[in-house]
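Novice: Take a look at this one; I'll ask things after.
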Amino acid sequence: MIKVSIVEDDAKLRETLVRYFAGQPGFRCLNAYPNAEAALADIPQHPPDVVLMDINLPGMNGIECVSRLRQATPTLKIIMLTVFEESTQVFKALSAGAFGYLVKSNRPSKILEAIREVHGGGSPEFEVLQGLSRGHPYKQIAGNLGISLSTVRTYIQRIYEKLHVHSQTEAVMKFAQKQAD
């Protein structure tokens, strides 16, 4: 059973997600919070397996909340929810400790798939790096992961920034080194 908590200020979307998880075998919505402050007050005492976190929250934003939650509960796995694929915001969220992100318009099945993947220890960036390390072209990586070519390029750009590298070779070398450690 994967326990999920939701941090979303849009009451309608929050309630829709709670109802959706209630009807999914293998998932349980532990809690749903309307803002970052409420999540910070409760999640460290009642940690779920995965948190779905809105980036744009009133008061403290989702990125700051991720950073604080990860300090309080380092093993917490968080997926960001965003209206648009804003690469700057998404990168900040990943740098703060988020494991990935989803666009809110994704199909519900895609949300479940991402939660399962993160819960199981996966991350889309990790899978892109694996593909690069195996010498796969971007188009093949996109096909293997069921994502668009532009999304692969966005992931790769973020990977370069996160790893502080400037080329595919440097990224693959750092990845191989981390795998060997």
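So you can find residues: chains in the structure tokens are A, B, ... in the order shown, residues in each start at 1, and ligands are numbered from 1 in order.
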Apply DSSP to the structure's backbone, then extract all residues of region 9-75 of chain A labelled strand (DSSP E) and return them as a PyMOL selection string.
Specialist: chain A and resi 27-33+50-54
Novice: What does the file look like for those residues with C-alpha atoms, as a CSV table (one decimal), in the first residue's frame?
Specialist:
chain,number,residue,atom,x,y,z
A,27,PHE,CA,-2.9,3.4,-2.9
A,28,ARG,CA,-4.1,5.3,0.2
A,29,CYS,CA,-4.4,9.1,0.6
A,30,LEU,CA,-3.0,9.7,4.0
A,31,ASN,CA,-3.7,13.5,4.2
A,32,ALA,CA,-4.4,16.4,2.0
A,33,TYR,CA,-3.3,20.0,2.8
A,50,VAL,CA,5.1,10.0,-1.5
A,51,VAL,CA,4.0,13.6,-1.4
A,52,LEU,CA,2.3,15.4,-4.4
A,53,MET,CA,3.3,19.0,-4.0
A,54,ASP,CA,1.9,22.0,-5.9
Novice: Have a look at CA of Lys92 (chain A) and CA of Gln45 (chain A) and let me know their distance in Å, one decimal.
Specialist: 25.5 Å
Novice: Go through A:Glu8, A:Tyr138, A:Ile43, A:Arg107 one by one, measure the shortest atom-to-atom distance of each to Gln71 (chain A) using only C-alpha atoms, and give the residue with the smallest value.
Specialist: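 Checking each candidate against Gln71 (chain A), we get A:Ile43 as the closest.
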Novice: Once DSSP has gone over the backbone, tell me which residues of region 126-169 of chain A are in helix (DSSP H, G or I), as a ChimeraX atom specification.
Specialist: /A:126-133,138-145,149-163,168-169
Novice: Based on the selection just made, write N, CA and C atoms of those residues as an mmCIF file, in the first residue's frame.
Specialist:
data_model
loop_
_atom_site.group_PDB
_atom_site.id
_atom_site.type_symbol
_atom_site.label_atom_id
_atom_site.label_comp_id
_atom_site.auth_asym_id
_atom_site.auth_seq_id
_atom_site.Cartn_x
_atom_site.Cartn_y
_atom_site.Cartn_z
ATOM 1 N N PHE A 126 16.955 9.739 -13.600
ATOM 2 C CA PHE A 126 17.826 8.575 -13.482
ATOM 3 C C PHE A 126 17.721 7.709 -14.743
ATOM 4 N N GLU A 127 16.500 7.489 -15.211
ATOM 5 C CA GLU A 127 16.301 6.650 -16.387
ATOM 6 C C GLU A 127 16.873 7.290 -17.646
ATOM 7 N N VAL A 128 16.803 8.615 -17.740
ATOM 8 C CA VAL A 128 17.409 9.309 -18.879
ATOM 9 C C VAL A 128 18.919 9.125 -18.827
ATOM 10 N N LEU A 129 19.507 9.283 -17.643
ATOM 11 C CA LEU A 129 20.953 9.079 -17.492
ATOM 12 C C LEU A 129 21.356 7.650 -17.840
ATOM 13 N N GLN A 130 20.532 6.686 -17.437
ATOM 14 C CA GLN A 130 20.821 5.294 -17.798
ATOM 15 C C GLN A 130 20.870 5.132 -19.308
ATOM 16 N N GLY A 131 19.884 5.728 -19.986
ATOM 17 C CA GLY A 131 19.855 5.650 -21.446
ATOM 18 C C GLY A 131 21.078 6.285 -22.082
ATOM 19 N N LEU A 132 21.461 7.458 -21.576
ATOM 20 C CA LEU A 132 22.662 8.119 -22.090
ATOM 21 C C LEU A 132 23.894 7.257 -21.880
ATOM 22 N N SER A 133 23.993 6.648 -20.686
ATOM 23 C CA SER A 133 25.178 5.843 -20.375
ATOM 24 C C SER A 133 25.261 4.603 -21.261
ATOM 25 N N TYR A 138 18.646 10.291 -28.094
ATOM 26 C CA TYR A 138 17.536 10.939 -27.393
ATOM 27 C C TYR A 138 16.191 10.367 -27.827
ATOM 28 N N LYS A 139 16.036 10.138 -29.123
ATOM 29 C CA LYS A 139 14.750 9.641 -29.646
ATOM 30 C C LYS A 139 14.408 8.273 -29.050
ATOM 31 N N GLN A 140 15.407 7.415 -28.908
ATOM 32 C CA GLN A 140 15.184 6.090 -28.334
ATOM 33 C C GLN A 140 14.847 6.198 -26.838
ATOM 34 N N ILE A 141 15.531 7.103 -26.134
ATOM 35 C CA ILE A 141 15.239 7.309 -24.710
ATOM 36 C C ILE A 141 13.788 7.763 -24.555
ATOM 37 N N ALA A 142 13.374 8.706 -25.401
ATOM 38 C CA ALA A 142 11.991 9.205 -25.353
ATOM 39 C C ALA A 142 11.014 8.061 -25.580
ATOM 40 N N GLY A 143 11.274 7.232 -26.586
ATOM 41 C CA GLY A 143 10.403 6.102 -26.877
ATOM 42 C C GLY A 143 10.350 5.095 -25.734
ATOM 43 N N ASN A 144 11.501 4.801 -25.160
ATOM 44 C CA ASN A 144 11.563 3.839 -24.055
ATOM 45 C C ASN A 144 10.793 4.314 -22.833
ATOM 46 N N LEU A 145 10.840 5.633 -22.580
ATOM 47 C CA LEU A 145 10.185 6.177 -21.389
ATOM 48 C C LEU A 145 8.761 6.672 -21.661
ATOM 49 N N LEU A 149 10.414 13.948 -27.149
ATOM 50 C CA LEU A 149 11.812 14.274 -27.376
ATOM 51 C C LEU A 149 12.179 15.573 -26.660
ATOM 52 N N SER A 150 11.280 16.543 -26.676
ATOM 53 C CA SER A 150 11.568 17.811 -25.994
ATOM 54 C C SER A 150 11.661 17.616 -24.480
ATOM 55 N N THR A 151 10.877 16.695 -23.931
ATOM 56 C CA THR A 151 10.963 16.405 -22.498
ATOM 57 C C THR A 151 12.310 15.771 -22.170
ATOM 58 N N VAL A 152 12.795 14.877 -23.039
ATOM 59 C CA VAL A 152 14.120 14.279 -22.831
ATOM 60 C C VAL A 152 15.174 15.376 -22.834
ATOM 61 N N ARG A 153 15.076 16.300 -23.772
ATOM 62 C CA ARG A 153 16.048 17.413 -23.834
ATOM 63 C C ARG A 153 15.993 18.258 -22.560
ATOM 64 N N THR A 154 14.778 18.495 -22.056
ATOM 65 C CA THR A 154 14.631 19.261 -20.813
ATOM 66 C C THR A 154 15.278 18.516 -19.655
ATOM 67 N N TYR A 155 15.030 17.200 -19.549
ATOM 68 C CA TYR A 155 15.646 16.394 -18.494
ATOM 69 C C TYR A 155 17.172 16.468 -18.593
ATOM 70 N N ILE A 156 17.682 16.337 -19.811
ATOM 71 C CA ILE A 156 19.134 16.341 -19.995
ATOM 72 C C ILE A 156 19.721 17.697 -19.599
ATOM 73 N N GLN A 157 19.042 18.760 -19.952
ATOM 74 C CA GLN A 157 19.516 20.089 -19.546
ATOM 75 C C GLN A 157 19.564 20.178 -18.020
ATOM 76 N N ARG A 158 18.518 19.702 -17.360
ATOM 77 C CA ARG A 158 18.477 19.730 -15.896
ATOM 78 C C ARG A 158 19.552 18.845 -15.282
ATOM 79 N N ILE A 159 19.773 17.697 -15.910
ATOM 80 C CA ILE A 159 20.821 16.791 -15.431
ATOM 81 C C ILE A 159 22.172 17.494 -15.490
ATOM 82 N N TYR A 160 22.463 18.155 -16.604
ATOM 83 C CA TYR A 160 23.733 18.872 -16.743
ATOM 84 C C TYR A 160 23.878 19.906 -15.636
ATOM 85 N N GLU A 161 22.799 20.655 -15.398
ATOM 86 C CA GLU A 161 22.849 21.698 -14.370
ATOM 87 C C GLU A 161 23.013 21.085 -12.983
ATOM 88 N N LYS A 162 22.262 20.031 -12.712
ATOM 89 C CA LYS A 162 22.298 19.400 -11.393
ATOM 90 C C LYS A 162 23.668 18.772 -11.102
ATOM 91 N N LEU A 163 24.255 18.169 -12.121
ATOM 92 C CA LEU A 163 25.552 17.510 -11.949
ATOM 93 C C LEU A 163 26.725 18.467 -12.155
ATOM 94 N N GLN A 168 27.470 15.541 -22.558
ATOM 95 C CA GLN A 168 26.934 14.200 -22.342
ATOM 96 C C GLN A 168 28.017 13.291 -21.765
ATOM 97 N N THR A 169 29.246 13.420 -22.264
ATOM 98 C CA THR A 169 30.347 12.586 -21.778
ATOM 99 C C THR A 169 30.597 12.811 -20.295
#
Novice: Can you measure CA of Pro48 (chain A) to CA of Gly62 (chain A) for me? One decimal in Å is fine.
Specialist: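 These two atoms are separated by 16.7 Å.
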Novice: Using only C-alpha atoms, find the one residue out of A:Leu81, A:Ala171, A:Leu76, A:Ile55 that sits nearest to Ser105 (chain A).
Specialist: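 Going through A:Leu81, A:Ala171, A:Leu76, A:Ile55 one by one, the smallest distance to Ser105 (chain A) is for A:Leu81.
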Novice: Report as a ChimeraX atom specification all protein, DNA and RNA residues lying within 8 Å of Gly97 (chain A), evaluated on only C-alpha atoms, omitting residues in the same chain fewer than 5 positions from it.
Specialist: /A:66-67,70,78
Novice: For Gly23 (chain A), which residue among A:Ala39, A:Ala11, A:Leu112, A:Ile79 is the nearest when counting only C-alpha atoms?
Specialist: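 Result for the nearest residue to Gly23 (chain A): A:Leu112.
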Novice: Pick out the closest residue to Lys3 (chain A) from this set: A:Gln24, A:Asn35, A:Gln89, A:Ser148. Count only C-alpha atoms.
Specialist: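 Between A:Gln24, A:Asn35, A:Gln89, A:Ser148, the residue approaching Lys3 (chain A) most closely is A:Gln24.
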Novice: Expressed in Å to a single decimal, how great is the separation between CA of Gly146 (chain A) and CA of Leu13 (chain A)?
Specialist: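 Separating CA of Gly146 (chain A) from CA of Leu13 (chain A) is a distance of 25.2 Å.
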